[in-house]
$ cat my_file-v9.pdb   # PDB, N, CA and C atoms, pLDDT in the B column
ATOM      1  N   VAL A   1      71.764  17.055 120.526  1.00 81.00           N
ATOM      2  CA  VAL A   1      70.592  17.887 120.358  1.00 81.00           C
ATOM      3  C   VAL A   1      70.333  18.689 121.641  1.00 81.00           C
ATOM      4  N   GLN A   2      70.478  18.048 122.780  1.00 83.00           N
ATOM      5  CA  GLN A   2      70.233  18.749 124.039  1.00 83.00           C
ATOM      6  C   GLN A   2      71.246  19.872 124.258  1.00 83.00           C
ATOM      7  N   LEU A   3      72.488  19.635 123.853  1.00 87.00           N
ATOM      8  CA  LEU A   3      73.501  20.669 123.997  1.00 87.00           C
ATOM      9  C   LEU A   3      73.154  21.894 123.169  1.00 87.00           C
ATOM     10  N   TRP A   4      72.688  21.685 121.949  1.00 89.00           N
ATOM     11  CA  TRP A   4      72.307  22.814 121.098  1.00 89.00           C
ATOM     12  C   TRP A   4      71.084  23.534 121.658  1.00 89.00           C
ATOM     13  N   ALA A   5      70.153  22.791 122.213  1.00 82.00           N
ATOM     14  CA  ALA A   5      68.992  23.418 122.837  1.00 82.00           C
ATOM     15  C   ALA A   5      69.427  24.271 124.028  1.00 82.00           C
ATOM     16  N   LEU A   6      70.391  23.776 124.791  1.00 79.00           N
ATOM     17  CA  LEU A   6      70.918  24.546 125.917  1.00 79.00           C
ATOM     18  C   LEU A   6      71.615  25.813 125.441  1.00 79.00           C
ATOM     19  N   VAL A   7      72.420  25.688 124.400  1.00 86.00           N
ATOM     20  CA  VAL A   7      73.144  26.844 123.856  1.00 86.00           C
ATOM     21  C   VAL A   7      72.155  27.914 123.380  1.00 86.00           C
ATOM     22  N   VAL A   8      71.137  27.501 122.653  1.00 83.00           N
ATOM     23  CA  VAL A   8      70.138  28.458 122.163  1.00 83.00           C
ATOM     24  C   VAL A   8      69.374  29.075 123.339  1.00 83.00           C
ATOM     25  N   GLY A   9      69.011  28.257 124.308  1.00 77.00           N
ATOM     26  CA  GLY A   9      68.296  28.767 125.480  1.00 77.00           C
ATOM     27  C   GLY A   9      69.103  29.785 126.256  1.00 77.00           C
ATOM     28  N   VAL A  10      70.382  29.524 126.430  1.00 77.00           N
ATOM     29  CA  VAL A  10      71.245  30.471 127.142  1.00 77.00           C
ATOM     30  C   VAL A  10      71.456  31.730 126.315  1.00 77.00           C
ATOM     31  N   ALA A  11      71.670  31.564 125.010  1.00 82.00           N
ATOM     32  CA  ALA A  11      71.909  32.723 124.139  1.00 82.00           C
ATOM     33  C   ALA A  11      70.709  33.657 124.099  1.00 82.00           C
ATOM     34  N   VAL A  12      69.520  33.118 124.186  1.00 76.00           N
ATOM     35  CA  VAL A  12      68.307  33.940 124.161  1.00 76.00           C
ATOM     36  C   VAL A  12      67.906  34.350 125.582  1.00 76.00           C
ATOM     37  N   GLY A  13      68.037  33.444 126.518  1.00 73.00           N
ATOM     38  CA  GLY A  13      67.569  33.695 127.877  1.00 73.00           C
ATOM     39  C   GLY A  13      68.407  34.674 128.675  1.00 73.00           C
ATOM     40  N   LEU A  14      69.714  34.631 128.523  1.00 71.00           N
ATOM     41  CA  LEU A  14      70.557  35.538 129.312  1.00 71.00           C
ATOM     42  C   LEU A  14      70.321  37.006 128.982  1.00 71.00           C
ATOM     43  N   PRO A  15      70.317  37.404 127.725  1.00 73.00           N
ATOM     44  CA  PRO A  15      70.031  38.816 127.459  1.00 73.00           C
ATOM     45  C   PRO A  15      68.634  39.229 127.928  1.00 73.00           C
ATOM     46  N   HIS A  16      67.675  38.343 127.773  1.00 72.00           N
ATOM     47  CA  HIS A  16      66.315  38.637 128.215  1.00 72.00           C
ATOM     48  C   HIS A  16      66.274  38.789 129.735  1.00 72.00           C
ATOM     49  N   GLY A  17      66.926  37.860 130.442  1.00 74.00           N
ATOM     50  CA  GLY A  17      66.952  37.914 131.902  1.00 74.00           C
ATOM     51  C   GLY A  17      67.738  39.096 132.438  1.00 74.00           C
ATOM     52  N   ALA A  18      68.684  39.600 131.658  1.00 75.00           N
ATOM     53  CA  ALA A  18      69.480  40.750 132.088  1.00 75.00           C
ATOM     54  C   ALA A  18      68.621  42.001 132.241  1.00 75.00           C
ATOM     55  N   LEU A  19      67.454  42.007 131.640  1.00 80.00           N
ATOM     56  CA  LEU A  19      66.549  43.145 131.767  1.00 80.00           C
ATOM     57  C   LEU A  19      65.818  43.160 133.110  1.00 80.00           C
ATOM     58  N   ASP A  20      65.893  42.072 133.858  1.00 84.00           N
ATOM     59  CA  ASP A  20      65.212  42.013 135.154  1.00 84.00           C
ATOM     60  C   ASP A  20      65.813  42.998 136.150  1.00 84.00           C
ATOM     61  N   GLN A  21      67.128  43.136 136.138  1.00 86.00           N
ATOM     62  CA  GLN A  21      67.795  44.002 137.117  1.00 86.00           C
ATOM     63  C   GLN A  21      67.405  45.466 136.965  1.00 86.00           C
ATOM     64  N   PRO A  22      67.439  46.065 135.777  1.00 89.00           N
ATOM     65  CA  PRO A  22      67.002  47.461 135.679  1.00 89.00           C
ATOM     66  C   PRO A  22      65.522  47.657 136.043  1.00 89.00           C
ATOM     67  N   ALA A  23      64.698  46.687 135.696  1.00 89.00           N
ATOM     68  CA  ALA A  23      63.277  46.781 136.051  1.00 89.00           C
ATOM     69  C   ALA A  23      63.095  46.706 137.566  1.00 89.00           C
ATOM     70  N   ALA A  24      63.843  45.809 138.213  1.00 91.00           N
ATOM     71  CA  ALA A  24      63.756  45.689 139.673  1.00 91.00           C
ATOM     72  C   ALA A  24      64.262  46.953 140.350  1.00 91.00           C
ATOM     73  N   ARG A  25      65.323  47.538 139.818  1.00 93.00           N
ATOM     74  CA  ARG A  25      65.846  48.780 140.395  1.00 93.00           C
ATOM     75  C   ARG A  25      64.788  49.878 140.346  1.00 93.00           C
ATOM     76  N   ALA A  26      64.117  50.000 139.211  1.00 93.00           N
ATOM     77  CA  ALA A  26      63.096  51.037 139.057  1.00 93.00           C
ATOM     78  C   ALA A  26      61.969  50.864 140.072  1.00 93.00           C
ATOM     79  N   VAL A  27      61.634  49.622 140.365  1.00 93.00           N
ATOM     80  CA  VAL A  27      60.531  49.358 141.296  1.00 93.00           C
ATOM     81  C   VAL A  27      60.980  49.443 142.757  1.00 93.00           C
ATOM     82  N   LEU A  28      62.160  48.918 143.069  1.00 94.00           N
ATOM     83  CA  LEU A  28      62.574  48.755 144.461  1.00 94.00           C
ATOM     84  C   LEU A  28      63.414  49.895 145.029  1.00 94.00           C
ATOM     85  N   GLN A  29      64.083  50.653 144.194  1.00 94.00           N
ATOM     86  CA  GLN A  29      64.993  51.661 144.711  1.00 94.00           C
ATOM     87  C   GLN A  29      64.280  52.744 145.518  1.00 94.00           C
ATOM     88  N   GLY A  30      63.107  53.128 145.109  1.00 93.00           N
ATOM     89  CA  GLY A  30      62.366  54.134 145.857  1.00 93.00           C
ATOM     90  C   GLY A  30      62.007  53.687 147.258  1.00 93.00           C
ATOM     91  N   ARG A  31      61.783  52.415 147.426  1.00 94.00           N
ATOM     92  CA  ARG A  31      61.369  51.883 148.728  1.00 94.00           C
ATOM     93  C   ARG A  31      62.560  51.487 149.608  1.00 94.00           C
ATOM     94  N   PHE A  32      63.617  50.927 148.996  1.00 95.00           N
ATOM     95  CA  PHE A  32      64.740  50.388 149.764  1.00 95.00           C
ATOM     96  C   PHE A  32      66.035  51.189 149.596  1.00 95.00           C
ATOM     97  N   GLY A  33      66.015  52.218 148.767  1.00 94.00           N
ATOM     98  CA  GLY A  33      67.212  53.036 148.564  1.00 94.00           C
ATOM     99  C   GLY A  33      68.357  52.234 147.984  1.00 94.00           C
ATOM    100  N   GLN A  34      69.551  52.482 148.503  1.00 94.00           N
ATOM    101  CA  GLN A  34      70.732  51.797 147.977  1.00 94.00           C
ATOM    102  C   GLN A  34      70.742  50.310 148.284  1.00 94.00           C
ATOM    103  N   TRP A  35      69.868  49.878 149.169  1.00 95.00           N
ATOM    104  CA  TRP A  35      69.808  48.459 149.547  1.00 95.00           C
ATOM    105  C   TRP A  35      68.815  47.662 148.702  1.00 95.00           C
ATOM    106  N   TRP A  36      68.333  48.242 147.615  1.00 93.00           N
ATOM    107  CA  TRP A  36      67.339  47.564 146.786  1.00 93.00           C
ATOM    108  C   TRP A  36      67.804  46.204 146.264  1.00 93.00           C
ATOM    109  N   PRO A  37      69.121  45.969 146.041  1.00 93.00           N
ATOM    110  CA  PRO A  37      69.500  44.637 145.542  1.00 93.00           C
ATOM    111  C   PRO A  37      69.191  43.501 146.516  1.00 93.00           C
ATOM    112  N   ALA A  38      69.189  43.778 147.824  1.00 95.00           N
ATOM    113  CA  ALA A  38      68.963  42.708 148.811  1.00 95.00           C
ATOM    114  C   ALA A  38      67.609  42.013 148.625  1.00 95.00           C
ATOM    115  N   PRO A  39      66.488  42.743 148.595  1.00 95.00           N
ATOM    116  CA  PRO A  39      65.219  42.031 148.388  1.00 95.00           C
ATOM    117  C   PRO A  39      65.114  41.412 146.999  1.00 95.00           C
ATOM    118  N   PHE A  40      65.729  42.058 146.015  1.00 92.00           N
ATOM    119  CA  PHE A  40      65.693  41.512 144.658  1.00 92.00           C
ATOM    120  C   PHE A  40      66.425  40.170 144.598  1.00 92.00           C
ATOM    121  N   ILE A  41      67.634  40.122 145.148  1.00 91.00           N
ATOM    122  CA  ILE A  41      68.413  38.881 145.131  1.00 91.00           C
ATOM    123  C   ILE A  41      67.735  37.825 145.990  1.00 91.00           C
ATOM    124  N   GLY A  42      67.200  38.232 147.138  1.00 94.00           N
ATOM    125  CA  GLY A  42      66.500  37.279 147.993  1.00 94.00           C
ATOM    126  C   GLY A  42      65.299  36.661 147.297  1.00 94.00           C
ATOM    127  N   PHE A  43      64.517  37.493 146.629  1.00 92.00           N
ATOM    128  CA  PHE A  43      63.359  36.992 145.891  1.00 92.00           C
ATOM    129  C   PHE A  43      63.798  36.060 144.772  1.00 92.00           C
ATOM    130  N   TYR A  44      64.828  36.466 144.022  1.00 87.00           N
ATOM    131  CA  TYR A  44      65.318  35.671 142.888  1.00 87.00           C
ATOM    132  C   TYR A  44      65.815  34.307 143.358  1.00 87.00           C
ATOM    133  N   LEU A  45      66.622  34.294 144.420  1.00 90.00           N
ATOM    134  CA  LEU A  45      67.146  33.019 144.927  1.00 90.00           C
ATOM    135  C   LEU A  45      66.036  32.162 145.531  1.00 90.00           C
ATOM    136  N   GLY A  46      65.102  32.793 146.224  1.00 93.00           N
ATOM    137  CA  GLY A  46      63.976  32.046 146.773  1.00 93.00           C
ATOM    138  C   GLY A  46      63.118  31.421 145.685  1.00 93.00           C
ATOM    139  N   LEU A  47      62.876  32.184 144.643  1.00 88.00           N
ATOM    140  CA  LEU A  47      62.102  31.660 143.520  1.00 88.00           C
ATOM    141  C   LEU A  47      62.838  30.520 142.823  1.00 88.00           C
ATOM    142  N   ALA A  48      64.147  30.660 142.655  1.00 87.00           N
ATOM    143  CA  ALA A  48      64.940  29.590 142.044  1.00 87.00           C
ATOM    144  C   ALA A  48      64.894  28.322 142.896  1.00 87.00           C
ATOM    145  N   ALA A  49      64.994  28.481 144.209  1.00 92.00           N
ATOM    146  CA  ALA A  49      64.922  27.324 145.108  1.00 92.00           C
ATOM    147  C   ALA A  49      63.554  26.658 145.028  1.00 92.00           C
ATOM    148  N   LEU A  50      62.506  27.460 144.967  1.00 92.00           N
ATOM    149  CA  LEU A  50      61.156  26.915 144.850  1.00 92.00           C
ATOM    150  C   LEU A  50      60.985  26.135 143.546  1.00 92.00           C
ATOM    151  N   VAL A  51      61.498  26.676 142.463  1.00 87.00           N
ATOM    152  CA  VAL A  51      61.407  25.997 141.168  1.00 87.00           C
ATOM    153  C   VAL A  51      62.136  24.652 141.230  1.00 87.00           C
ATOM    154  N   LEU A  52      63.344  24.643 141.795  1.00 89.00           N
ATOM    155  CA  LEU A  52      64.093  23.381 141.901  1.00 89.00           C
ATOM    156  C   LEU A  52      63.369  22.370 142.778  1.00 89.00           C
ATOM    157  N   LEU A  53      62.775  22.835 143.859  1.00 94.00           N
ATOM    158  CA  LEU A  53      62.033  21.938 144.739  1.00 94.00           C
ATOM    159  C   LEU A  53      60.832  21.334 144.019  1.00 94.00           C
ATOM    160  N   VAL A  54      60.033  22.184 143.387  1.00 93.00           N
ATOM    161  CA  VAL A  54      58.847  21.695 142.679  1.00 93.00           C
ATOM    162  C   VAL A  54      59.264  20.760 141.544  1.00 93.00           C
ATOM    163  N   TRP A  55      60.327  21.134 140.830  1.00 91.00           N
ATOM    164  CA  TRP A  55      60.794  20.319 139.706  1.00 91.00           C
ATOM    165  C   TRP A  55      61.244  18.940 140.179  1.00 91.00           C
ATOM    166  N   SER A  56      61.851  18.857 141.360  1.00 94.00           N
ATOM    167  CA  SER A  56      62.327  17.565 141.855  1.00 94.00           C
ATOM    168  C   SER A  56      61.203  16.720 142.441  1.00 94.00           C
ATOM    169  N   VAL A  57      60.146  17.352 142.950  1.00 96.00           N
ATOM    170  CA  VAL A  57      59.060  16.607 143.582  1.00 96.00           C
ATOM    171  C   VAL A  57      57.996  16.194 142.558  1.00 96.00           C
ATOM    172  N   VAL A  58      57.577  17.128 141.727  1.00 96.00           N
ATOM    173  CA  VAL A  58      56.538  16.848 140.732  1.00 96.00           C
ATOM    174  C   VAL A  58      56.968  17.425 139.373  1.00 96.00           C
ATOM    175  N   PRO A  59      57.875  16.748 138.676  1.00 93.00           N
ATOM    176  CA  PRO A  59      58.439  17.314 137.452  1.00 93.00           C
ATOM    177  C   PRO A  59      57.422  17.577 136.338  1.00 93.00           C
ATOM    178  N   VAL A  60      56.417  16.741 136.217  1.00 95.00           N
ATOM    179  CA  VAL A  60      55.437  16.936 135.142  1.00 95.00           C
ATOM    180  C   VAL A  60      54.624  18.214 135.391  1.00 95.00           C
ATOM    181  N   ILE A  61      54.215  18.411 136.619  1.00 94.00           N
ATOM    182  CA  ILE A  61      53.470  19.630 136.970  1.00 94.00           C
ATOM    183  C   ILE A  61      54.378  20.850 136.828  1.00 94.00           C
ATOM    184  N   ALA A  62      55.631  20.719 137.255  1.00 92.00           N
ATOM    185  CA  ALA A  62      56.576  21.831 137.136  1.00 92.00           C
ATOM    186  C   ALA A  62      56.783  22.222 135.674  1.00 92.00           C
ATOM    187  N   LEU A  63      56.907  21.238 134.805  1.00 91.00           N
ATOM    188  CA  LEU A  63      57.073  21.532 133.381  1.00 91.00           C
ATOM    189  C   LEU A  63      55.833  22.220 132.820  1.00 91.00           C
ATOM    190  N   ALA A  64      54.670  21.735 133.197  1.00 94.00           N
ATOM    191  CA  ALA A  64      53.427  22.357 132.719  1.00 94.00           C
ATOM    192  C   ALA A  64      53.321  23.805 133.203  1.00 94.00           C
ATOM    193  N   LEU A  65      53.661  24.050 134.464  1.00 93.00           N
ATOM    194  CA  LEU A  65      53.643  25.417 134.989  1.00 93.00           C
ATOM    195  C   LEU A  65      54.665  26.302 134.296  1.00 93.00           C
ATOM    196  N   PHE A  66      55.862  25.762 134.097  1.00 87.00           N
ATOM    197  CA  PHE A  66      56.919  26.514 133.421  1.00 87.00           C
ATOM    198  C   PHE A  66      56.492  26.915 132.013  1.00 87.00           C
ATOM    199  N   LEU A  67      55.954  25.979 131.268  1.00 89.00           N
ATOM    200  CA  LEU A  67      55.531  26.273 129.897  1.00 89.00           C
ATOM    201  C   LEU A  67      54.366  27.258 129.884  1.00 89.00           C
ATOM    202  N   SER A  68      53.436  27.118 130.809  1.00 92.00           N
ATOM    203  CA  SER A  68      52.307  28.045 130.882  1.00 92.00           C
ATOM    204  C   SER A  68      52.765  29.460 131.211  1.00 92.00           C
ATOM    205  N   LEU A  69      53.667  29.574 132.187  1.00 87.00           N
ATOM    206  CA  LEU A  69      54.195  30.893 132.536  1.00 87.00           C
ATOM    207  C   LEU A  69      55.016  31.484 131.403  1.00 87.00           C
ATOM    208  N   SER A  70      55.749  30.648 130.683  1.00 82.00           N
ATOM    209  CA  SER A  70      56.529  31.134 129.540  1.00 82.00           C
ATOM    210  C   SER A  70      55.622  31.675 128.443  1.00 82.00           C
ATOM    211  N   VAL A  71      54.552  30.964 128.157  1.00 87.00           N
ATOM    212  CA  VAL A  71      53.602  31.423 127.151  1.00 87.00           C
ATOM    213  C   VAL A  71      53.002  32.769 127.566  1.00 87.00           C
ATOM    214  N   ALA A  72      52.605  32.871 128.827  1.00 88.00           N
ATOM    215  CA  ALA A  72      52.023  34.130 129.303  1.00 88.00           C
ATOM    216  C   ALA A  72      53.047  35.253 129.271  1.00 88.00           C
ATOM    217  N   HIS A  73      54.252  34.981 129.733  1.00 80.00           N
ATOM    218  CA  HIS A  73      55.303  36.002 129.807  1.00 80.00           C
ATOM    219  C   HIS A  73      55.685  36.525 128.415  1.00 80.00           C
ATOM    220  N   PHE A  74      55.974  35.615 127.527  1.00 78.00           N
ATOM    221  CA  PHE A  74      56.379  36.050 126.183  1.00 78.00           C
ATOM    222  C   PHE A  74      55.193  36.482 125.350  1.00 78.00           C
ATOM    223  N   GLY A  75      54.021  35.940 125.632  1.00 81.00           N
ATOM    224  CA  GLY A  75      52.835  36.323 124.902  1.00 81.00           C
ATOM    225  C   GLY A  75      52.387  37.740 125.226  1.00 81.00           C
ATOM    226  N   LEU A  76      52.655  38.178 126.456  1.00 77.00           N
ATOM    227  CA  LEU A  76      52.293  39.538 126.848  1.00 77.00           C
ATOM    228  C   LEU A  76      53.343  40.553 126.406  1.00 77.00           C
ATOM    229  N   GLY A  77      54.440  40.078 125.866  1.00 67.00           N
ATOM    230  CA  GLY A  77      55.484  40.971 125.363  1.00 67.00           C
ATOM    231  C   GLY A  77      56.177  41.743 126.462  1.00 67.00           C
ATOM    232  N   ASP A  78      56.310  41.121 127.629  1.00 54.00           N
ATOM    233  CA  ASP A  78      56.967  41.746 128.785  1.00 54.00           C
ATOM    234  C   ASP A  78      56.205  42.975 129.190  1.00 54.00           C
TER     235      ASP A  78
END

$ encode --input "my_file-v9.pdb" --output "structure tokens"
Amino acid sequence: VQLWALVVGVAVGLPHGALDQPAARAVLQGRFGQWWPAPFIGFYLGLAALVLLVWSVVPVIALALFLSLSVAHFGLGD
């Protein structure tokens, strides 16, 4: 069951997440020029590290935050 949940999550999440890069380019390119990927990647990796840290220290709170942010994100329709 967990494997199927992972497959569905990746199948839906990857195309959705792929839209982050064009949106970041539109916002950051004017300010950083051709170097816009650097702050974008730095922010993305920093956020991922923060999520892993919070998830390992307080998993119940991390799950509640994740679900709340997911509801807000998908509820607002991007």

$ atom_distance --input "my_file-v9.pdb" --atom1 "CA of Pro22 in chain A" --atom2 "CA of His73 in chain A"
17.4 Å

$ atom_distance --input "my_file-v9.pdb" --atom1 "atom N of Val71 in chain A" --atom2 "atom C of Leu45 in chain A"
20.9 Å

$ atom_distance --input "my_file-v9.pdb" --atom1 "atom C of Gln34 in chain A" --atom2 "atom N of Gly46 in chain A"
18.5 Å

$ axis_aligned_box --input "my_file-v9.pdb" --around "range 46-56 of chain A" --padding-each-side "5 Å" --output "lines of an AutoDock Vina configuration file"
center_x = 62.0
center_y = 24.8
center_z = 143.2
size_x = 16.3
size_y = 26.1
size_z = 17.1

$ residues_around --input "my_file-v9.pdb" --residues "Pro37 in chain A" --least-positions-apart "2" --cutoff "9 Å" --atoms "only C-alpha atoms" --output "tab-separated table (two decimals) with N, CA and C atoms, in the frame of the given file"
chain	number	residue	atom	x	y	z
A	21	GLN	N	67.13	43.14	136.14
A	21	GLN	CA	67.80	44.00	137.12
A	21	GLN	C	67.40	45.47	136.96
A	24	ALA	N	63.84	45.81	138.21
A	24	ALA	CA	63.76	45.69	139.67
A	24	ALA	C	64.26	46.95	140.35
A	25	ARG	N	65.32	47.54	139.82
A	25	ARG	CA	65.85	48.78	140.40
A	25	ARG	C	64.79	49.88	140.35
A	28	LEU	N	62.16	48.92	143.07
A	28	LEU	CA	62.57	48.76	144.46
A	28	LEU	C	63.41	49.90	145.03
A	29	GLN	N	64.08	50.65	144.19
A	29	GLN	CA	64.99	51.66	144.71
A	29	GLN	C	64.28	52.74	145.52
A	32	PHE	N	63.62	50.93	149.00
A	32	PHE	CA	64.74	50.39	149.76
A	32	PHE	C	66.04	51.19	149.60
A	34	GLN	N	69.55	52.48	148.50
A	34	GLN	CA	70.73	51.80	147.98
A	34	GLN	C	70.74	50.31	148.28
A	35	TRP	N	69.87	49.88	149.17
A	35	TRP	CA	69.81	48.46	149.55
A	35	TRP	C	68.82	47.66	148.70
A	39	PRO	N	66.49	42.74	148.60
A	39	PRO	CA	65.22	42.03	148.39
A	39	PRO	C	65.11	41.41	147.00
A	40	PHE	N	65.73	42.06	146.01
A	40	PHE	CA	65.69	41.51	144.66
A	40	PHE	C	66.42	40.17	144.60
A	41	ILE	N	67.63	40.12	145.15
A	41	ILE	CA	68.41	38.88	145.13
A	41	ILE	C	67.74	37.83	145.99
A	42	GLY	N	67.20	38.23	147.14
A	42	GLY	CA	66.50	37.28	147.99
A	42	GLY	C	65.30	36.66	147.30

$ closest_residue --input "my_file-v9.pdb" --among "A:Asp20, A:Val7, A:Val12, A:Arg31" --to "Phe43 in chain A" --atoms "only C-alpha atoms"
A:Asp20

$ decode --input "my_file-v9.pdb" --residues "range 14-69 of chain A" --atoms "C-alpha atoms" --output "compact mmCIF listing (two decimals), in the first residue's frame"
# COMPACT_ATOMS: atom_id res chain seq x y z
CA LEU A 14 6.60 15.79 -9.95
CA PRO A 15 4.62 17.48 -12.72
CA HIS A 16 3.18 19.92 -10.19
CA GLY A 17 6.62 20.67 -8.74
CA ALA A 18 8.06 21.15 -12.23
CA LEU A 19 6.05 24.36 -12.43
CA ASP A 20 8.16 25.89 -9.64
CA GLN A 21 11.13 26.54 -11.92
CA PRO A 22 9.34 28.70 -14.53
CA ALA A 23 7.60 30.64 -11.75
CA ALA A 24 10.92 31.21 -9.96
CA ARG A 25 12.54 32.35 -13.20
CA ALA A 26 9.80 34.92 -13.76
CA VAL A 27 10.30 36.31 -10.26
CA LEU A 28 14.09 36.08 -9.89
CA GLN A 29 15.51 36.69 -13.35
CA GLY A 30 14.88 40.42 -13.27
CA ARG A 31 16.81 40.77 -10.04
CA PHE A 32 19.62 38.21 -10.51
CA GLY A 33 19.88 37.98 -14.31
CA GLN A 34 21.42 34.79 -15.62
CA TRP A 35 22.35 33.79 -12.07
CA TRP A 36 18.73 33.45 -10.95
CA PRO A 37 19.04 29.65 -10.45
CA ALA A 38 21.53 30.12 -7.58
CA PRO A 39 19.12 31.72 -5.07
CA PHE A 40 16.32 29.45 -6.25
CA ILE A 41 18.35 26.27 -5.70
CA GLY A 42 19.73 27.59 -2.42
CA PHE A 43 16.25 28.36 -1.13
CA TYR A 44 14.91 24.98 -2.32
CA LEU A 45 17.74 23.00 -0.70
CA GLY A 46 17.55 25.06 2.48
CA LEU A 47 13.82 24.49 2.72
CA ALA A 48 14.28 20.76 2.10
CA ALA A 49 16.91 20.60 4.86
CA LEU A 50 14.61 22.46 7.24
CA VAL A 51 11.74 20.08 6.50
CA LEU A 52 13.97 17.04 7.14
CA LEU A 53 15.24 18.55 10.38
CA VAL A 54 11.76 19.39 11.68
CA TRP A 55 10.45 16.00 10.55
CA SER A 56 13.21 14.18 12.45
CA VAL A 57 12.86 16.25 15.64
CA VAL A 58 9.08 16.66 15.92
CA PRO A 59 7.40 14.40 13.35
CA VAL A 60 3.83 14.92 14.55
CA ILE A 61 4.13 18.71 14.32
CA ALA A 62 5.90 18.40 10.96
CA LEU A 63 3.08 16.25 9.59
CA ALA A 64 0.46 18.69 10.85
CA LEU A 65 2.32 21.61 9.25
CA PHE A 66 2.80 19.70 6.01
CA LEU A 67 -0.89 18.82 5.76
CA SER A 68 -1.95 22.37 6.64
CA LEU A 69 0.34 23.88 4.02
